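Listing of final23.cif, mmCIF, C-alpha atoms, pLDDT in the B column; chains and numbers go by the auth columns
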data_upload
#
loop_
_atom_site.group_PDB
_atom_site.id
_atom_site.type_symbol
_atom_site.label_atom_id
_atom_site.label_comp_id
_atom_site.label_asym_id
_atom_site.label_seq_id
_atom_site.Cartn_x
_atom_site.Cartn_y
_atom_site.Cartn_z
_atom_site.B_iso_or_equiv
_atom_site.auth_seq_id
_atom_site.auth_asym_id
ATOM 1 C CA MET A 1 -10.698 -8.969 -0.660 47.00 1 I
ATOM 2 C CA PRO A 2 -11.210 -10.676 -4.015 48.00 2 I
ATOM 3 C CA SER A 3 -9.547 -13.940 -4.871 51.00 3 I
ATOM 4 C CA LEU A 4 -6.599 -13.988 -7.261 47.00 4 I
ATOM 5 C CA LEU A 5 -8.844 -14.452 -10.299 50.00 5 I
ATOM 6 C CA GLU A 6 -10.966 -11.446 -9.351 77.00 6 I
ATOM 7 C CA ILE A 7 -8.130 -8.930 -9.024 84.00 7 I
ATOM 8 C CA GLU A 8 -8.693 -6.578 -11.920 85.00 8 I
ATOM 9 C CA ILE A 9 -7.326 -3.107 -12.368 89.00 9 I
ATOM 10 C CA LYS A 10 -9.623 -1.322 -14.772 89.00 10 I
ATOM 11 C CA GLY A 11 -8.600 2.277 -14.191 92.00 11 I
ATOM 12 C CA LYS A 12 -7.146 4.886 -11.886 94.00 12 I
ATOM 13 C CA THR A 13 -9.605 4.279 -9.054 94.00 13 I
ATOM 14 C CA SER A 14 -8.948 0.558 -8.744 94.00 14 I
ATOM 15 C CA ALA A 15 -5.202 1.122 -9.225 95.00 15 I
ATOM 16 C CA ALA A 16 -5.238 3.634 -6.357 96.00 16 I
ATOM 17 C CA PHE A 17 -7.123 1.148 -4.162 97.00 17 I
ATOM 18 C CA TYR A 18 -4.628 -1.668 -4.766 96.00 18 I
ATOM 19 C CA ARG A 19 -1.711 0.756 -4.416 97.00 19 I
ATOM 20 C CA LYS A 20 -2.983 1.569 -0.923 98.00 20 I
ATOM 21 C CA LEU A 21 -3.157 -2.129 -0.038 98.00 21 I
ATOM 22 C CA VAL A 22 0.432 -2.631 -1.214 98.00 22 I
ATOM 23 C CA LEU A 23 1.633 0.347 0.820 99.00 23 I
ATOM 24 C CA ALA A 24 -0.227 -0.862 3.920 99.00 24 I
ATOM 25 C CA TYR A 25 1.356 -4.287 3.471 99.00 25 I
ATOM 26 C CA LEU A 26 4.857 -2.814 3.116 99.00 26 I
ATOM 27 C CA VAL A 27 4.441 -0.540 6.139 98.00 27 I
ATOM 28 C CA ASP A 28 3.083 -3.435 8.207 98.00 28 I
ATOM 29 C CA SER A 29 5.517 -6.141 7.097 98.00 29 I
ATOM 30 C CA LYS A 30 8.797 -4.218 7.173 95.00 30 I
ATOM 31 C CA PRO A 31 9.995 -2.246 10.186 91.00 31 I
ATOM 32 C CA ASN A 32 10.641 1.487 10.019 92.00 32 I
ATOM 33 C CA MET A 33 9.263 2.086 6.524 95.00 33 I
ATOM 34 C CA ASN A 34 9.561 5.746 5.598 96.00 34 I
ATOM 35 C CA LEU A 35 8.831 7.519 2.323 95.00 35 I
ATOM 36 C CA LYS A 36 12.315 6.932 0.936 96.00 36 I
ATOM 37 C CA ALA A 37 12.194 3.204 1.738 97.00 37 I
ATOM 38 C CA LEU A 38 8.742 2.947 0.148 97.00 38 I
ATOM 39 C CA GLU A 39 10.042 4.735 -2.964 97.00 39 I
ATOM 40 C CA LEU A 40 12.936 2.295 -3.247 97.00 40 I
ATOM 41 C CA GLU A 41 10.685 -0.717 -2.667 96.00 41 I
ATOM 42 C CA THR A 42 7.976 0.273 -5.161 95.00 42 I
ATOM 43 C CA GLY A 43 9.628 2.568 -7.695 94.00 43 I
ATOM 44 C CA TRP A 44 6.614 4.872 -7.384 95.00 44 I
ATOM 45 C CA PRO A 45 6.939 8.669 -7.179 96.00 45 I
ATOM 46 C CA HIS A 46 7.434 10.226 -3.740 94.00 46 I
ATOM 47 C CA ILE A 47 4.313 12.396 -3.952 96.00 47 I
ATOM 48 C CA THR A 48 2.138 9.442 -5.046 96.00 48 I
ATOM 49 C CA ILE A 49 3.305 7.384 -2.067 97.00 49 I
ATOM 50 C CA GLN A 50 2.856 10.245 0.379 95.00 50 I
ATOM 51 C CA LYS A 51 -0.652 10.972 -0.873 97.00 51 I
ATOM 52 C CA SER A 52 -1.650 7.295 -0.862 98.00 52 I
ATOM 53 C CA VAL A 53 -0.327 6.649 2.656 97.00 53 I
ATOM 54 C CA ASN A 54 -2.144 9.741 3.910 96.00 54 I
ATOM 55 C CA GLU A 55 -5.353 8.417 2.322 97.00 55 I
ATOM 56 C CA LEU A 56 -5.203 4.900 3.794 98.00 56 I
ATOM 57 C CA ASP A 57 -7.883 5.850 6.293 97.00 57 I
ATOM 58 C CA SER A 58 -10.258 6.351 3.336 97.00 58 I
ATOM 59 C CA ILE A 59 -10.275 2.549 2.986 98.00 59 I
ATOM 60 C CA SER A 60 -10.415 2.030 6.797 98.00 60 I
ATOM 61 C CA ILE A 61 -6.708 1.256 7.342 99.00 61 I
ATOM 62 C CA LYS A 62 -5.374 3.299 10.262 98.00 62 I
ATOM 63 C CA THR A 63 -1.709 4.316 10.325 97.00 63 I
ATOM 64 C CA SER A 64 0.588 6.341 12.546 96.00 64 I
ATOM 65 C CA TYR A 65 3.734 8.309 11.864 96.00 65 I
ATOM 66 C CA HIS A 66 6.516 8.039 14.434 96.00 66 I
ATOM 67 C CA GLY A 67 9.529 10.302 14.776 94.00 67 I
ATOM 68 C CA THR A 68 10.577 13.504 13.097 92.00 68 I
ATOM 69 C CA ALA A 69 9.657 14.627 9.598 84.00 69 I
ATOM 70 C CA LYS A 70 13.030 13.562 8.198 85.00 70 I
ATOM 71 C CA GLN A 71 13.745 10.554 10.406 90.00 71 I
ATOM 72 C CA GLY A 72 10.290 9.121 10.995 94.00 72 I
ATOM 73 C CA TYR A 73 8.483 6.013 9.821 96.00 73 I
ATOM 74 C CA TYR A 74 4.946 4.692 9.400 97.00 74 I
ATOM 75 C CA SER A 75 3.144 1.848 11.149 97.00 75 I
ATOM 76 C CA VAL A 76 -0.258 0.211 10.617 98.00 76 I
ATOM 77 C CA ASP A 77 -2.427 0.486 13.728 98.00 77 I
ATOM 78 C CA SER A 78 -5.518 -1.241 12.342 98.00 78 I
ATOM 79 C CA TRP A 79 -6.444 -3.052 9.143 98.00 79 I
ATOM 80 C CA GLY A 80 -10.046 -1.902 9.539 97.00 80 I
ATOM 81 C CA VAL A 81 -12.431 -3.987 7.435 97.00 81 I
ATOM 82 C CA PHE A 82 -9.598 -5.898 5.743 96.00 82 I
ATOM 83 C CA ASP A 83 -8.369 -9.321 6.758 95.00 83 I
ATOM 84 C CA LYS A 84 -4.612 -8.831 7.054 96.00 84 I
ATOM 85 C CA LYS A 85 -3.947 -12.502 6.236 96.00 85 I
ATOM 86 C CA VAL A 86 -5.901 -12.272 2.969 94.00 86 I
ATOM 87 C CA VAL A 87 -3.930 -9.178 1.941 96.00 87 I
ATOM 88 C CA TYR A 88 -0.627 -10.867 2.842 96.00 88 I
ATOM 89 C CA ASP A 89 -1.629 -14.050 0.986 95.00 89 I
ATOM 90 C CA ASN A 90 -2.541 -12.097 -2.172 94.00 90 I
ATOM 91 C CA ILE A 91 0.165 -9.436 -2.184 96.00 91 I
ATOM 92 C CA LYS A 92 2.213 -11.037 -4.962 95.00 92 I
ATOM 93 C CA PRO A 93 -0.635 -11.125 -7.531 94.00 93 I
ATOM 94 C CA ILE A 94 -1.747 -7.646 -6.462 95.00 94 I
ATOM 95 C CA ARG A 95 1.743 -6.268 -7.082 95.00 95 I
ATOM 96 C CA GLU A 96 1.993 -8.127 -10.393 94.00 96 I
ATOM 97 C CA LYS A 97 -1.334 -6.694 -11.582 93.00 97 I
ATOM 98 C CA LEU A 98 -0.306 -3.178 -10.514 94.00 98 I
ATOM 99 C CA ASN A 99 3.050 -3.459 -12.275 92.00 99 I
ATOM 100 C CA SER A 100 1.308 -4.738 -15.390 91.00 100 I
ATOM 101 C CA TYR A 101 -1.206 -1.879 -15.278 91.00 101 I
ATOM 102 C CA PHE A 102 1.477 0.799 -14.871 85.00 102 I
ATOM 103 C CA THR A 103 3.774 -0.588 -17.580 86.00 103 I
ATOM 104 C CA LYS A 104 1.182 -1.046 -20.324 73.00 104 I
#

Go ahead and render the structure in this file as structure tokens.
Amino acid sequence: MPSLLEIEIKGKTSAAFYRKLVLAYLVDSKPNMNLKALELETGWPHITIQKSVNELDSISIKTSYHGTAKQGYYSVDSWGVFDKKVVYDNIKPIREKLNSYFTK
């Protein structure tokens, strides 16, 4: 995970990567996060969130879905190659950079 000064979002690929880290953080740090809660927390489109959560394993973060389709929630089972503490410590600048990228 890069330090604060190295967090750069140069295009769609890096934005998608950091979006996945934010979603993993939200799912891990807040209990019972479902798609609707993630939408409210991020302001991102439902389909974007759903696709990104389903692709977390592409960056080695393992998740599970618990419950029914309408009443279920996600959890993070493994952070894979990422140091959870580093992600948690840098989540504010990551979110700020993402918001800046999407509002420019």

**Request:** Tell me which of I:Lys84, I:Asn90, I:Glu96, I:Glu55 sits closest to Phe17 (chain I), counting only C-alpha atoms.
**Result:** I:Glu55

**Straight-line distance linking CA of Thr63 (chain I) with CA of Thr103 (chain I), stated in Å to one decimal** = 28.9 Å

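Counting all atoms listed in the file, the residue from I:Ile7, I:Ile49, I:Leu26, I:Leu21 that sits nearest to Asp83 (chain I) is I:Leu21.
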
**Request:** Would you kindly translate the PyMOL selection byres ((chain I and resi 43) around 12) into the concrete residues it picks from this file, as a count of residues only?
**Result:** 21

**Counting all atoms listed in the file, the option among I:Val76, I:Ser58, I:Lys85, I:Tyr101 closest to Lys12 (chain I)** = I:Tyr101

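You will find CA of Ile94 (chain I) at 9.3 Å from CA of Ile9 (chain I).
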
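Proximity of I:Asn54, I:Ser100, I:Ser29, I:Ala24 to Ser78 (chain I), computed with all atoms listed in the file, is greatest for I:Ala24.
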
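Counting only C-alpha atoms and comparing I:Val22, I:Ala15, I:Leu56, I:Ile91, the residue that lies closest to Asp77 (chain I) is I:Leu56.
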
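Residue nearest His66 (chain I) within the list I:Gly80, I:Gly11, I:Pro31, I:Pro93: I:Pro31 [criterion: smallest interatomic distance, only C-alpha atoms].
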
Assuming 4 Å of padding per side, give the centre and edge lengths of the axis-aligned box around every listed atom of region 29-43 of chain I, in Å to one decimal and as AutoDock Vina command-line options.
--center_x 9.2 --center_y 0.7 --center_z 1.2 --size_x 15.4 --size_y 21.7 --size_z 25.9

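Taking CA of Ser14 (chain I) and CA of Lys97 (chain I) as the two end points, the separation is 10.9 Å.
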
**Request:** Anything within 12 Å of (5.5, 11.2, 10.9): list those residues as a VMD selection string, counting only C-alpha atoms and sticking to the file's coordinates.
**Result:** chain I and resid 32 to 35 50 53 to 54 63 to 75

Would you mind writing region 34-66 of chain I with N, CA and C atoms, as a PDB file, in the coordinates of the input?
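Resulting contents of part.pdb:
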ATOM      1  N   ASN I  34       9.808   4.318   5.800  1.00 96.00           N
ATOM      2  CA  ASN I  34       9.561   5.746   5.598  1.00 96.00           C
ATOM      3  C   ASN I  34       9.328   5.983   4.106  1.00 96.00           C
ATOM      4  N   LEU I  35       9.120   7.225   3.728  1.00 95.00           N
ATOM      5  CA  LEU I  35       8.831   7.519   2.323  1.00 95.00           C
ATOM      6  C   LEU I  35       9.951   7.072   1.389  1.00 95.00           C
ATOM      7  N   LYS I  36      11.183   7.303   1.788  1.00 96.00           N
ATOM      8  CA  LYS I  36      12.315   6.932   0.936  1.00 96.00           C
ATOM      9  C   LYS I  36      12.374   5.416   0.747  1.00 96.00           C
ATOM     10  N   ALA I  37      12.185   4.667   1.829  1.00 97.00           N
ATOM     11  CA  ALA I  37      12.194   3.204   1.738  1.00 97.00           C
ATOM     12  C   ALA I  37      11.045   2.702   0.865  1.00 97.00           C
ATOM     13  N   LEU I  38       9.885   3.331   0.977  1.00 97.00           N
ATOM     14  CA  LEU I  38       8.742   2.947   0.148  1.00 97.00           C
ATOM     15  C   LEU I  38       9.002   3.263  -1.323  1.00 97.00           C
ATOM     16  N   GLU I  39       9.662   4.383  -1.588  1.00 97.00           N
ATOM     17  CA  GLU I  39      10.042   4.735  -2.964  1.00 97.00           C
ATOM     18  C   GLU I  39      10.964   3.676  -3.553  1.00 97.00           C
ATOM     19  N   LEU I  40      11.973   3.293  -2.777  1.00 97.00           N
ATOM     20  CA  LEU I  40      12.936   2.295  -3.247  1.00 97.00           C
ATOM     21  C   LEU I  40      12.270   0.943  -3.465  1.00 97.00           C
ATOM     22  N   GLU I  41      11.368   0.580  -2.588  1.00 96.00           N
ATOM     23  CA  GLU I  41      10.685  -0.717  -2.667  1.00 96.00           C
ATOM     24  C   GLU I  41       9.716  -0.793  -3.847  1.00 96.00           C
ATOM     25  N   THR I  42       9.031   0.303  -4.140  1.00 95.00           N
ATOM     26  CA  THR I  42       7.976   0.273  -5.161  1.00 95.00           C
ATOM     27  C   THR I  42       8.378   0.877  -6.500  1.00 95.00           C
ATOM     28  N   GLY I  43       9.294   1.840  -6.477  1.00 94.00           N
ATOM     29  CA  GLY I  43       9.628   2.568  -7.695  1.00 94.00           C
ATOM     30  C   GLY I  43       8.602   3.631  -8.051  1.00 94.00           C
ATOM     31  N   TRP I  44       7.666   3.877  -7.146  1.00 95.00           N
ATOM     32  CA  TRP I  44       6.614   4.872  -7.384  1.00 95.00           C
ATOM     33  C   TRP I  44       7.103   6.251  -6.963  1.00 95.00           C
ATOM     34  N   PRO I  45       6.538   7.305  -7.535  1.00 96.00           N
ATOM     35  CA  PRO I  45       6.939   8.669  -7.179  1.00 96.00           C
ATOM     36  C   PRO I  45       6.652   8.999  -5.711  1.00 96.00           C
ATOM     37  N   HIS I  46       7.524   9.796  -5.143  1.00 94.00           N
ATOM     38  CA  HIS I  46       7.434  10.226  -3.740  1.00 94.00           C
ATOM     39  C   HIS I  46       6.059  10.805  -3.413  1.00 94.00           C
ATOM     40  N   ILE I  47       5.577  11.714  -4.232  1.00 96.00           N
ATOM     41  CA  ILE I  47       4.313  12.396  -3.952  1.00 96.00           C
ATOM     42  C   ILE I  47       3.131  11.428  -4.023  1.00 96.00           C
ATOM     43  N   THR I  48       3.194  10.456  -4.935  1.00 96.00           N
ATOM     44  CA  THR I  48       2.138   9.442  -5.046  1.00 96.00           C
ATOM     45  C   THR I  48       2.080   8.599  -3.784  1.00 96.00           C
ATOM     46  N   ILE I  49       3.243   8.190  -3.288  1.00 97.00           N
ATOM     47  CA  ILE I  49       3.305   7.384  -2.067  1.00 97.00           C
ATOM     48  C   ILE I  49       2.789   8.185  -0.885  1.00 97.00           C
ATOM     49  N   GLN I  50       3.263   9.407  -0.748  1.00 95.00           N
ATOM     50  CA  GLN I  50       2.856  10.245   0.379  1.00 95.00           C
ATOM     51  C   GLN I  50       1.340  10.453   0.384  1.00 95.00           C
ATOM     52  N   LYS I  51       0.793  10.757  -0.764  1.00 97.00           N
ATOM     53  CA  LYS I  51      -0.652  10.972  -0.873  1.00 97.00           C
ATOM     54  C   LYS I  51      -1.417   9.687  -0.552  1.00 97.00           C
ATOM     55  N   SER I  52      -0.964   8.570  -1.086  1.00 98.00           N
ATOM     56  CA  SER I  52      -1.650   7.295  -0.862  1.00 98.00           C
ATOM     57  C   SER I  52      -1.592   6.862   0.597  1.00 98.00           C
ATOM     58  N   VAL I  53      -0.444   7.009   1.237  1.00 97.00           N
ATOM     59  CA  VAL I  53      -0.327   6.649   2.656  1.00 97.00           C
ATOM     60  C   VAL I  53      -1.247   7.539   3.490  1.00 97.00           C
ATOM     61  N   ASN I  54      -1.279   8.819   3.167  1.00 96.00           N
ATOM     62  CA  ASN I  54      -2.144   9.741   3.910  1.00 96.00           C
ATOM     63  C   ASN I  54      -3.628   9.456   3.693  1.00 96.00           C
ATOM     64  N   GLU I  55      -3.957   8.746   2.622  1.00 97.00           N
ATOM     65  CA  GLU I  55      -5.353   8.417   2.322  1.00 97.00           C
ATOM     66  C   GLU I  55      -5.744   6.995   2.719  1.00 97.00           C
ATOM     67  N   LEU I  56      -4.869   6.271   3.397  1.00 98.00           N
ATOM     68  CA  LEU I  56      -5.203   4.900   3.794  1.00 98.00           C
ATOM     69  C   LEU I  56      -6.455   4.840   4.660  1.00 98.00           C
ATOM     70  N   ASP I  57      -6.680   5.860   5.454  1.00 97.00           N
ATOM     71  CA  ASP I  57      -7.883   5.850   6.293  1.00 97.00           C
ATOM     72  C   ASP I  57      -9.164   5.904   5.458  1.00 97.00           C
ATOM     73  N   SER I  58      -9.069   6.326   4.200  1.00 97.00           N
ATOM     74  CA  SER I  58     -10.258   6.351   3.336  1.00 97.00           C
ATOM     75  C   SER I  58     -10.737   4.942   2.992  1.00 97.00           C
ATOM     76  N   ILE I  59      -9.869   3.944   3.178  1.00 98.00           N
ATOM     77  CA  ILE I  59     -10.275   2.549   2.986  1.00 98.00           C
ATOM     78  C   ILE I  59     -10.243   1.793   4.317  1.00 98.00           C
ATOM     79  N   SER I  60     -10.293   2.526   5.413  1.00 98.00           N
ATOM     80  CA  SER I  60     -10.415   2.030   6.797  1.00 98.00           C
ATOM     81  C   SER I  60      -9.126   1.495   7.411  1.00 98.00           C
ATOM     82  N   ILE I  61      -7.987   1.677   6.765  1.00 99.00           N
ATOM     83  CA  ILE I  61      -6.708   1.256   7.342  1.00 99.00           C
ATOM     84  C   ILE I  61      -6.128   2.439   8.107  1.00 99.00           C
ATOM     85  N   LYS I  62      -5.882   2.231   9.397  1.00 98.00           N
ATOM     86  CA  LYS I  62      -5.374   3.299  10.262  1.00 98.00           C
ATOM     87  C   LYS I  62      -3.856   3.169  10.402  1.00 98.00           C
ATOM     88  N   THR I  63      -3.166   4.291  10.200  1.00 97.00           N
ATOM     89  CA  THR I  63      -1.709   4.316  10.325  1.00 97.00           C
ATOM     90  C   THR I  63      -1.277   5.418  11.275  1.00 97.00           C
ATOM     91  N   SER I  64      -0.029   5.305  11.719  1.00 96.00           N
ATOM     92  CA  SER I  64       0.588   6.341  12.546  1.00 96.00           C
ATOM     93  C   SER I  64       1.951   6.665  11.973  1.00 96.00           C
ATOM     94  N   TYR I  65       2.387   7.884  12.238  1.00 96.00           N
ATOM     95  CA  TYR I  65       3.734   8.309  11.864  1.00 96.00           C
ATOM     96  C   TYR I  65       4.506   8.533  13.148  1.00 96.00           C
ATOM     97  N   HIS I  66       5.692   7.958  13.233  1.00 96.00           N
ATOM     98  CA  HIS I  66       6.516   8.039  14.434  1.00 96.00           C
ATOM     99  C   HIS I  66       7.828   8.740  14.105  1.00 96.00           C
TER     100      HIS I  66
END
